[in-house]
Amino acid sequence: MKRRACLLPALAIISLWPTASASAASCESIAALNLPNAKVTMAQVVAPGLFTPPGPPPTAGVPTVFTRIPQFCRVTATLTPSSDSDIKIEVWLPASGWNGKFQAVGNGGWNGNIPYAALANAVIGGYATAATDTGHVGNTASFALGHPEKLIDFGYRAVHEMTVKAKSIIDAFYGTAPTLSIWNGCSQGGRQGITAAVRYPTDFDGVVVGAPAVNFVHLHAGRVALNRSVNVTPANAIPASKLPLINQAVLNACDGKDGVTDGVLENPGACAFDPRVLQCSGESDNGCLTPAQVESASRMYAGAKHPTTNASVLPGLAPGAELGWNVLGGPQPLSLAVDTFKYVFMKDKSWEPSRFNPAIDIDLAMGSDPDDALGASNADLRPFFARGGKLLMYHGWSDPQVTPYNTIDFFYKVLQTTGGAGVGTSIQLYMVPGMNHCQGGPGTDIFDKVGPLEEWIRTGTAPARIDAAHMTKGVVDKTRPLCPLGQVAQWNGSGSTNDAANFACVASTVGATR
Ligand SMILES: [Ca+2]
């Protein structure tokens, strides 16, 4: 009761409490909530299907998910935990049919915007939900220059403050705290979820984390280092037109090894593909790779190394991701990584990738985040696990942007802190064969994440498998189980290979680690 007393004056509670609706307070009354270091800027009911995201209409049209949103109370607020903070949050509360739970949703890239579609999906699922722009506007790191407090907001504070405020708003609106608090994010949202669990172990009961951008400093230093190494001379650059050639050679070598020739490697870690098999033998370089291109292809698999110590800065991509090699191996580094160098590592907005000197700049990057505000390199989740927290991780094997080995390494790093304990009870990692970054690709990329996590919280045991689907033009044409790391989906030998029912997750001693 003490908590509510500081949210609403006692008289307001009495006058707002007994209504016939599902909520304890009216939506509009939330605008009067007094929250520390925060101002509620709007609280209004949105009629079913009538929400339109702010800003100009997207070129591809407004996503249809917005037409399916039930009536909800939309709350916006600005949070100012520091004098330089300007954190925007939105909290969406189903007007009826609330399932009693809170699902916070994460961002992508350098954030700078509210992920409205993710909010919509959560409300459609019956959750009270919240999201933040992480304290700046636009998917760029330019805000960080001269604004260390804003960088902290991006790093971890915005999500935490949002979570605390959202829980207060939920409590005020429904008259009760959520029975369960869940985080759901991919990419940057994955990093956010892990950071929340490490730094604020009581914020969430369970955390769904896809393709997390953990080890953030290494990730960006490695992305630029890898890009420069495969463009070290013009001859080293692999033309985009040759990527299908390499991908097909990988499939020829390894696709059928998992028992089903379907264009997807169930266990890329077991695929020992050597690009030298594609090296040209004659003068022509049609349908083959020149020696310099072979060298670059090998680097895409090997990852970025420190030029002096030869230590790994960032693991390479897994076999099967070749069609997406232009993301990291194209003519220029990924813009997100260039931004990180300009505004975080070098603090020089005129910095260009052509100035990258691996012998100096990798170390400089490593020293730029001494408090791990961005890095998410701290893998000590023991406090989170000790209070019953569950971490469900997933990563697409064909992710061309955040290498799946970054997540696998983090998974083992967590286990180092626990002495190997907690797999299947506190933490589990499900690899997604053939899935790109968070979604897409030839693999089965459509699956429920929050449902399995909630079942895990209820039973105490992580799912033995999560069945996933691949869709073509809105029609499911294949299902397949996703297995915990160390297991691979194996066809039973009869029945359709497009039906998950005919597959079992079996232990694989090959390829689980590098
Ligand atoms: Ca296969």
# chains A, B, ... in the order shown; residues from 1 in each chain; ligands from 1
>>> closest_atom_pairs(of="chain A", to="ligand 1", cutoff="12 Å", atoms="only C-alpha atoms and all ligand atoms", output="JSON lines")
{"residue": "A:Val250", "atom": "CA", "partner": "ligand 1", "partner_atom_place_in_ligand_line": "1 (Ca)", "distance": 11.0}
{"residue": "A:Leu251", "atom": "CA", "partner": "ligand 1", "partner_atom_place_in_ligand_line": "1 (Ca)", "distance": 8.0}
{"residue": "A:Asn252", "atom": "CA", "partner": "ligand 1", "partner_atom_place_in_ligand_line": "1 (Ca)", "distance": 10.1}
{"residue": "A:Ala253", "atom": "CA", "partner": "ligand 1", "partner_atom_place_in_ligand_line": "1 (Ca)", "distance": 10.5}
{"residue": "A:Cys254", "atom": "CA", "partner": "ligand 1", "partner_atom_place_in_ligand_line": "1 (Ca)", "distance": 7.5}
{"residue": "A:Asp255", "atom": "CA", "partner": "ligand 1", "partner_atom_place_in_ligand_line": "1 (Ca)", "distance": 4.1}
{"residue": "A:Gly256", "atom": "CA", "partner": "ligand 1", "partner_atom_place_in_ligand_line": "1 (Ca)", "distance": 5.0}
{"residue": "A:Lys257", "atom": "CA", "partner": "ligand 1", "partner_atom_place_in_ligand_line": "1 (Ca)", "distance": 6.7}
{"residue": "A:Asp258", "atom": "CA", "partner": "ligand 1", "partner_atom_place_in_ligand_line": "1 (Ca)", "distance": 5.3}
{"residue": "A:Gly259", "atom": "CA", "partner": "ligand 1", "partner_atom_place_in_ligand_line": "1 (Ca)", "distance": 6.5}
{"residue": "A:Val260", "atom": "CA", "partner": "ligand 1", "partner_atom_place_in_ligand_line": "1 (Ca)", "distance": 4.5}
{"residue": "A:Thr261", "atom": "CA", "partner": "ligand 1", "partner_atom_place_in_ligand_line": "1 (Ca)", "distance": 4.5}
{"residue": "A:Asp262", "atom": "CA", "partner": "ligand 1", "partner_atom_place_in_ligand_line": "1 (Ca)", "distance": 4.8}
{"residue": "A:Gly263", "atom": "CA", "partner": "ligand 1", "partner_atom_place_in_ligand_line": "1 (Ca)", "distance": 5.6}
{"residue": "A:Val264", "atom": "CA", "partner": "ligand 1", "partner_atom_place_in_ligand_line": "1 (Ca)", "distance": 4.4}
{"residue": "A:Leu265", "atom": "CA", "partner": "ligand 1", "partner_atom_place_in_ligand_line": "1 (Ca)", "distance": 4.6}
{"residue": "A:Glu266", "atom": "CA", "partner": "ligand 1", "partner_atom_place_in_ligand_line": "1 (Ca)", "distance": 5.8}
{"residue": "A:Asn267", "atom": "CA", "partner": "ligand 1", "partner_atom_place_in_ligand_line": "1 (Ca)", "distance": 8.5}
{"residue": "A:Pro268", "atom": "CA", "partner": "ligand 1", "partner_atom_place_in_ligand_line": "1 (Ca)", "distance": 9.7}
{"residue": "A:Ala270", "atom": "CA", "partner": "ligand 1", "partner_atom_place_in_ligand_line": "1 (Ca)", "distance": 11.9}
{"residue": "A:Cys271", "atom": "CA", "partner": "ligand 1", "partner_atom_place_in_ligand_line": "1 (Ca)", "distance": 11.1}
{"residue": "A:Gly320", "atom": "CA", "partner": "ligand 1", "partner_atom_place_in_ligand_line": "1 (Ca)", "distance": 10.4}
{"residue": "A:Pro433", "atom": "CA", "partner": "ligand 1", "partner_atom_place_in_ligand_line": "1 (Ca)", "distance": 9.0}
{"residue": "A:Gly434", "atom": "CA", "partner": "ligand 1", "partner_atom_place_in_ligand_line": "1 (Ca)", "distance": 9.3}
{"residue": "A:Pro442", "atom": "CA", "partner": "ligand 1", "partner_atom_place_in_ligand_line": "1 (Ca)", "distance": 10.6}
{"residue": "A:Gly443", "atom": "CA", "partner": "ligand 1", "partner_atom_place_in_ligand_line": "1 (Ca)", "distance": 9.8}
{"residue": "A:Arg480", "atom": "CA", "partner": "ligand 1", "partner_atom_place_in_ligand_line": "1 (Ca)", "distance": 11.4}
{"residue": "A:Val488", "atom": "CA", "partner": "ligand 1", "partner_atom_place_in_ligand_line": "1 (Ca)", "distance": 11.0}
{"residue": "A:Ala489", "atom": "CA", "partner": "ligand 1", "partner_atom_place_in_ligand_line": "1 (Ca)", "distance": 9.9}
{"residue": "A:Gln490", "atom": "CA", "partner": "ligand 1", "partner_atom_place_in_ligand_line": "1 (Ca)", "distance": 9.8}
{"residue": "A:Trp491", "atom": "CA", "partner": "ligand 1", "partner_atom_place_in_ligand_line": "1 (Ca)", "distance": 10.1}
{"residue": "A:Thr497", "atom": "CA", "partner": "ligand 1", "partner_atom_place_in_ligand_line": "1 (Ca)", "distance": 10.0}
{"residue": "A:Asn498", "atom": "CA", "partner": "ligand 1", "partner_atom_place_in_ligand_line": "1 (Ca)", "distance": 11.3}
>>> closest_atom_pairs(of="stretch 446-498 of chain A", to="stretch 107-131 of chain A", cutoff="12 Å", atoms="only C-alpha atoms", output="tab-separated table")
residue	atom	partner	partner_atom	distance
A:Asp448	CA	A:Gly125	CA	11.5
A:Lys449	CA	A:Ala122	CA	11.9
A:Val450	CA	A:Ala122	CA	9.9
A:Gly451	CA	A:Gly125	CA	10.3
>>> write_last_selection(atoms="C-alpha atoms", output="short mmCIF file (atom, residue, chain, number, x, y, z; two decimals), in the first residue's frame")
data_model
loop_
_atom_site.label_atom_id
_atom_site.label_comp_id
_atom_site.auth_asym_id
_atom_site.auth_seq_id
_atom_site.Cartn_x
_atom_site.Cartn_y
_atom_site.Cartn_z
CA ASP A 448 6.32 -17.98 -29.98
CA LYS A 449 8.93 -16.79 -27.51
CA VAL A 450 6.99 -15.34 -24.59
CA GLY A 451 4.58 -18.30 -24.32
#
>>> residues_around(residues="A:Asp153", least_positions_apart="6", cutoff="10 Å", atoms="only C-alpha atoms", output="list in words")
Thr80, Pro81, Ser82, Asp84, Ser85, Asp86, Ile87, Asp133, Thr134, Gly135, His136, Val159, His160, Glu161, Ala373 and Leu374 of chain A
>>> write_last_selection(atoms="N, CA and C atoms", output="PDB file, in the first residue's frame")
ATOM      1  N   THR A  80      13.407  11.895 -16.657  1.00  0.00           N
ATOM      2  CA  THR A  80      14.628  12.704 -16.543  1.00  0.00           C
ATOM      3  C   THR A  80      15.443  12.275 -15.312  1.00  0.00           C
ATOM      4  N   PRO A  81      15.998  11.057 -15.364  1.00  0.00           N
ATOM      5  CA  PRO A  81      16.809  10.611 -14.228  1.00  0.00           C
ATOM      6  C   PRO A  81      18.091  11.419 -14.056  1.00  0.00           C
ATOM      7  N   SER A  82      18.560  12.092 -15.115  1.00  0.00           N
ATOM      8  CA  SER A  82      19.683  13.027 -14.991  1.00  0.00           C
ATOM      9  C   SER A  82      19.250  14.350 -15.613  1.00  0.00           C
ATOM     10  N   ASP A  84      20.497  15.843 -17.977  1.00  0.00           N
ATOM     11  CA  ASP A  84      20.646  15.825 -19.438  1.00  0.00           C
ATOM     12  C   ASP A  84      19.760  14.758 -20.086  1.00  0.00           C
ATOM     13  N   SER A  85      18.932  14.108 -19.276  1.00  0.00           N
ATOM     14  CA  SER A  85      18.099  13.027 -19.809  1.00  0.00           C
ATOM     15  C   SER A  85      16.834  13.572 -20.463  1.00  0.00           C
ATOM     16  N   ASP A  86      16.410  12.894 -21.501  1.00  0.00           N
ATOM     17  CA  ASP A  86      15.142  13.221 -22.169  1.00  0.00           C
ATOM     18  C   ASP A  86      14.588  11.913 -22.741  1.00  0.00           C
ATOM     19  N   ILE A  87      14.148  11.042 -21.820  1.00  0.00           N
ATOM     20  CA  ILE A  87      13.741   9.688 -22.193  1.00  0.00           C
ATOM     21  C   ILE A  87      12.234   9.658 -22.420  1.00  0.00           C
ATOM     22  N   ASP A 133      12.303   5.240 -26.242  1.00  0.00           N
ATOM     23  CA  ASP A 133      13.209   5.616 -27.340  1.00  0.00           C
ATOM     24  C   ASP A 133      14.663   5.582 -26.873  1.00  0.00           C
ATOM     25  N   THR A 134      14.895   5.213 -25.635  1.00  0.00           N
ATOM     26  CA  THR A 134      16.188   5.115 -24.943  1.00  0.00           C
ATOM     27  C   THR A 134      16.854   6.477 -24.721  1.00  0.00           C
ATOM     28  N   GLY A 135      16.125   7.550 -24.951  1.00  0.00           N
ATOM     29  CA  GLY A 135      16.635   8.850 -24.521  1.00  0.00           C
ATOM     30  C   GLY A 135      17.168   9.760 -25.600  1.00  0.00           C
ATOM     31  N   HIS A 136      16.969   9.394 -26.847  1.00  0.00           N
ATOM     32  CA  HIS A 136      17.374  10.281 -27.937  1.00  0.00           C
ATOM     33  C   HIS A 136      16.495   9.978 -29.142  1.00  0.00           C
ATOM     34  N   VAL A 159      15.835   1.847 -20.003  1.00  0.00           N
ATOM     35  CA  VAL A 159      14.995   0.651 -19.870  1.00  0.00           C
ATOM     36  C   VAL A 159      14.604   0.433 -18.405  1.00  0.00           C
ATOM     37  N   HIS A 160      15.563   0.628 -17.509  1.00  0.00           N
ATOM     38  CA  HIS A 160      15.243   0.431 -16.088  1.00  0.00           C
ATOM     39  C   HIS A 160      14.208   1.454 -15.612  1.00  0.00           C
ATOM     40  N   GLU A 161      14.447   2.720 -15.937  1.00  0.00           N
ATOM     41  CA  GLU A 161      13.502   3.762 -15.500  1.00  0.00           C
ATOM     42  C   GLU A 161      12.126   3.529 -16.112  1.00  0.00           C
ATOM     43  N   ALA A 373      29.051   0.390 -19.438  1.00  0.00           N
ATOM     44  CA  ALA A 373      27.728   1.009 -19.581  1.00  0.00           C
ATOM     45  C   ALA A 373      27.038   0.539 -20.854  1.00  0.00           C
ATOM     46  N   LEU A 374      27.835   0.351 -21.903  1.00  0.00           N
ATOM     47  CA  LEU A 374      27.291  -0.110 -23.178  1.00  0.00           C
ATOM     48  C   LEU A 374      27.577  -1.582 -23.400  1.00  0.00           C
TER      49      LEU A 374
END
>>> closest_residue(among="A:Leu391, A:Cys73, A:Ala221, A:Ile446", to="A:Val338", atoms="only C-alpha atoms")
A:Ala221
>>> select_by_dssp(residues="stretch 424-465 of chain A", states="alpha helix (DSSP H)", output="list in words")
Val450, Gly451, Pro452, Leu453, Glu454, Glu455, Trp456, Ile457, Arg458 and Thr459 of chain A
>>> residues_around(residues="stretch 199-207 of chain A", least_positions_apart="6", cutoff="7 Å", atoms="only C-alpha atoms", output="PyMOL selection string")
chain A and resi 163+180-184+193+383-384+389-392+453
>>> atom_distance(atom1="atom CA of A:Ala24", atom2="atom CA of A:Asp171")
8.8 Å
>>> select_by_dssp(residues="stretch 17-221 of chain A", states="strand (DSSP E or B)", output="PyMOL selection string")
chain A and resi 38-46+72-79+87-94+101-105+128-132+180-186+206-210
>>> closest_residue(among="A:Gln416, A:Thr472, A:Thr179, A:Ser229", to="A:Gln103", atoms="only C-alpha atoms")
A:Thr179
>>> closest_residue(among="A:Phe411, A:Phe143, A:Phe447, A:Phe173", to="A:Tyr343", atoms="only C-alpha atoms")
A:Phe143
>>> decode(residues="stretch 207-240 of chain A", atoms="N, CA and C atoms", output="PDB file, in the first residue's frame")
ATOM      1  N   VAL A 207      13.211 -13.133 -19.252  1.00  0.00           N
ATOM      2  CA  VAL A 207      13.767 -12.273 -20.281  1.00  0.00           C
ATOM      3  C   VAL A 207      13.919 -13.082 -21.564  1.00  0.00           C
ATOM      4  N   VAL A 208      13.287 -12.609 -22.638  1.00  0.00           N
ATOM      5  CA  VAL A 208      13.456 -13.206 -23.964  1.00  0.00           C
ATOM      6  C   VAL A 208      14.443 -12.348 -24.739  1.00  0.00           C
ATOM      7  N   VAL A 209      15.484 -12.968 -25.207  1.00  0.00           N
ATOM      8  CA  VAL A 209      16.582 -12.248 -25.818  1.00  0.00           C
ATOM      9  C   VAL A 209      16.945 -12.902 -27.140  1.00  0.00           C
ATOM     10  N   GLY A 210      16.766 -12.173 -28.249  1.00  0.00           N
ATOM     11  CA  GLY A 210      17.173 -12.678 -29.557  1.00  0.00           C
ATOM     12  C   GLY A 210      18.399 -11.949 -30.062  1.00  0.00           C
ATOM     13  N   ALA A 211      19.295 -12.693 -30.705  1.00  0.00           N
ATOM     14  CA  ALA A 211      20.467 -12.117 -31.370  1.00  0.00           C
ATOM     15  C   ALA A 211      21.038 -10.919 -30.630  1.00  0.00           C
ATOM     16  N   PRO A 212      21.361 -11.078 -29.352  1.00  0.00           N
ATOM     17  CA  PRO A 212      21.708  -9.899 -28.542  1.00  0.00           C
ATOM     18  C   PRO A 212      23.024  -9.254 -28.968  1.00  0.00           C
ATOM     19  N   ALA A 213      23.017  -7.937 -28.986  1.00  0.00           N
ATOM     20  CA  ALA A 213      24.240  -7.184 -29.315  1.00  0.00           C
ATOM     21  C   ALA A 213      25.092  -7.038 -28.059  1.00  0.00           C
ATOM     22  N   VAL A 214      25.293  -8.174 -27.361  1.00  0.00           N
ATOM     23  CA  VAL A 214      26.150  -8.138 -26.181  1.00  0.00           C
ATOM     24  C   VAL A 214      27.605  -8.053 -26.618  1.00  0.00           C
ATOM     25  N   ASN A 215      28.471  -7.820 -25.635  1.00  0.00           N
ATOM     26  CA  ASN A 215      29.872  -7.621 -25.973  1.00  0.00           C
ATOM     27  C   ASN A 215      29.965  -6.492 -26.999  1.00  0.00           C
ATOM     28  N   PHE A 216      29.224  -5.441 -26.703  1.00  0.00           N
ATOM     29  CA  PHE A 216      28.932  -4.360 -27.651  1.00  0.00           C
ATOM     30  C   PHE A 216      30.203  -3.723 -28.218  1.00  0.00           C
ATOM     31  N   VAL A 217      31.179  -3.497 -27.367  1.00  0.00           N
ATOM     32  CA  VAL A 217      32.407  -2.834 -27.825  1.00  0.00           C
ATOM     33  C   VAL A 217      33.163  -3.748 -28.788  1.00  0.00           C
ATOM     34  N   HIS A 218      33.311  -5.009 -28.412  1.00  0.00           N
ATOM     35  CA  HIS A 218      33.967  -5.962 -29.315  1.00  0.00           C
ATOM     36  C   HIS A 218      33.170  -6.098 -30.621  1.00  0.00           C
ATOM     37  N   LEU A 219      31.856  -6.111 -30.475  1.00  0.00           N
ATOM     38  CA  LEU A 219      30.991  -6.294 -31.642  1.00  0.00           C
ATOM     39  C   LEU A 219      31.262  -5.202 -32.686  1.00  0.00           C
ATOM     40  N   HIS A 220      31.293  -3.950 -32.229  1.00  0.00           N
ATOM     41  CA  HIS A 220      31.476  -2.859 -33.189  1.00  0.00           C
ATOM     42  C   HIS A 220      32.927  -2.723 -33.646  1.00  0.00           C
ATOM     43  N   ALA A 221      33.870  -2.913 -32.726  1.00  0.00           N
ATOM     44  CA  ALA A 221      35.277  -2.871 -33.135  1.00  0.00           C
ATOM     45  C   ALA A 221      35.543  -3.986 -34.141  1.00  0.00           C
ATOM     46  N   GLY A 222      34.963  -5.150 -33.867  1.00  0.00           N
ATOM     47  CA  GLY A 222      35.170  -6.301 -34.743  1.00  0.00           C
ATOM     48  C   GLY A 222      34.508  -6.138 -36.096  1.00  0.00           C
ATOM     49  N   ARG A 223      33.347  -5.496 -36.101  1.00  0.00           N
ATOM     50  CA  ARG A 223      32.662  -5.291 -37.382  1.00  0.00           C
ATOM     51  C   ARG A 223      33.502  -4.420 -38.313  1.00  0.00           C
ATOM     52  N   VAL A 224      34.056  -3.344 -37.777  1.00  0.00           N
ATOM     53  CA  VAL A 224      34.876  -2.463 -38.618  1.00  0.00           C
ATOM     54  C   VAL A 224      36.179  -3.166 -38.995  1.00  0.00           C
ATOM     55  N   ALA A 225      36.786  -3.849 -38.031  1.00  0.00           N
ATOM     56  CA  ALA A 225      38.055  -4.542 -38.324  1.00  0.00           C
ATOM     57  C   ALA A 225      37.858  -5.613 -39.400  1.00  0.00           C
ATOM     58  N   LEU A 226      36.764  -6.366 -39.288  1.00  0.00           N
ATOM     59  CA  LEU A 226      36.500  -7.405 -40.286  1.00  0.00           C
ATOM     60  C   LEU A 226      36.258  -6.780 -41.653  1.00  0.00           C
ATOM     61  N   ASN A 227      35.468  -5.719 -41.669  1.00  0.00           N
ATOM     62  CA  ASN A 227      35.163  -5.071 -42.947  1.00  0.00           C
ATOM     63  C   ASN A 227      36.418  -4.555 -43.632  1.00  0.00           C
ATOM     64  N   ARG A 228      37.296  -3.941 -42.841  1.00  0.00           N
ATOM     65  CA  ARG A 228      38.524  -3.403 -43.448  1.00  0.00           C
ATOM     66  C   ARG A 228      39.426  -4.543 -43.925  1.00  0.00           C
ATOM     67  N   SER A 229      39.424  -5.649 -43.208  1.00  0.00           N
ATOM     68  CA  SER A 229      40.323  -6.749 -43.572  1.00  0.00           C
ATOM     69  C   SER A 229      39.897  -7.450 -44.856  1.00  0.00           C
ATOM     70  N   VAL A 230      38.600  -7.427 -45.154  1.00  0.00           N
ATOM     71  CA  VAL A 230      38.156  -8.064 -46.401  1.00  0.00           C
ATOM     72  C   VAL A 230      38.109  -7.058 -47.549  1.00  0.00           C
ATOM     73  N   ASN A 231      38.478  -5.806 -47.250  1.00  0.00           N
ATOM     74  CA  ASN A 231      38.605  -4.783 -48.295  1.00  0.00           C
ATOM     75  C   ASN A 231      40.013  -4.196 -48.275  1.00  0.00           C
ATOM     76  N   VAL A 232      40.960  -4.989 -47.789  1.00  0.00           N
ATOM     77  CA  VAL A 232      42.302  -4.450 -47.577  1.00  0.00           C
ATOM     78  C   VAL A 232      42.932  -3.997 -48.891  1.00  0.00           C
ATOM     79  N   THR A 233      42.584  -4.674 -49.997  1.00  0.00           N
ATOM     80  CA  THR A 233      42.919  -4.190 -51.347  1.00  0.00           C
ATOM     81  C   THR A 233      41.654  -4.345 -52.184  1.00  0.00           C
ATOM     82  N   PRO A 234      41.540  -3.596 -53.277  1.00  0.00           N
ATOM     83  CA  PRO A 234      40.349  -3.773 -54.136  1.00  0.00           C
ATOM     84  C   PRO A 234      40.184  -5.218 -54.593  1.00  0.00           C
ATOM     85  N   ALA A 235      41.291  -5.916 -54.767  1.00  0.00           N
ATOM     86  CA  ALA A 235      41.210  -7.306 -55.233  1.00  0.00           C
ATOM     87  C   ALA A 235      40.624  -8.236 -54.187  1.00  0.00           C
ATOM     88  N   ASN A 236      40.708  -7.831 -52.909  1.00  0.00           N
ATOM     89  CA  ASN A 236      40.173  -8.685 -51.849  1.00  0.00           C
ATOM     90  C   ASN A 236      38.652  -8.636 -51.755  1.00  0.00           C
ATOM     91  N   ALA A 237      38.051  -7.559 -52.254  1.00  0.00           N
ATOM     92  CA  ALA A 237      36.601  -7.407 -52.135  1.00  0.00           C
ATOM     93  C   ALA A 237      35.898  -8.511 -52.917  1.00  0.00           C
ATOM     94  N   ILE A 238      34.928  -9.152 -52.267  1.00  0.00           N
ATOM     95  CA  ILE A 238      34.162 -10.200 -52.947  1.00  0.00           C
ATOM     96  C   ILE A 238      32.926  -9.555 -53.561  1.00  0.00           C
ATOM     97  N   PRO A 239      32.792  -9.599 -54.888  1.00  0.00           N
ATOM     98  CA  PRO A 239      31.600  -8.985 -55.513  1.00  0.00           C
ATOM     99  C   PRO A 239      30.319  -9.675 -55.008  1.00  0.00           C
ATOM    100  N   ALA A 240      29.281  -8.877 -54.809  1.00  0.00           N
ATOM    101  CA  ALA A 240      28.002  -9.441 -54.344  1.00  0.00           C
ATOM    102  C   ALA A 240      27.516 -10.539 -55.283  1.00  0.00           C
TER     103      ALA A 240
END
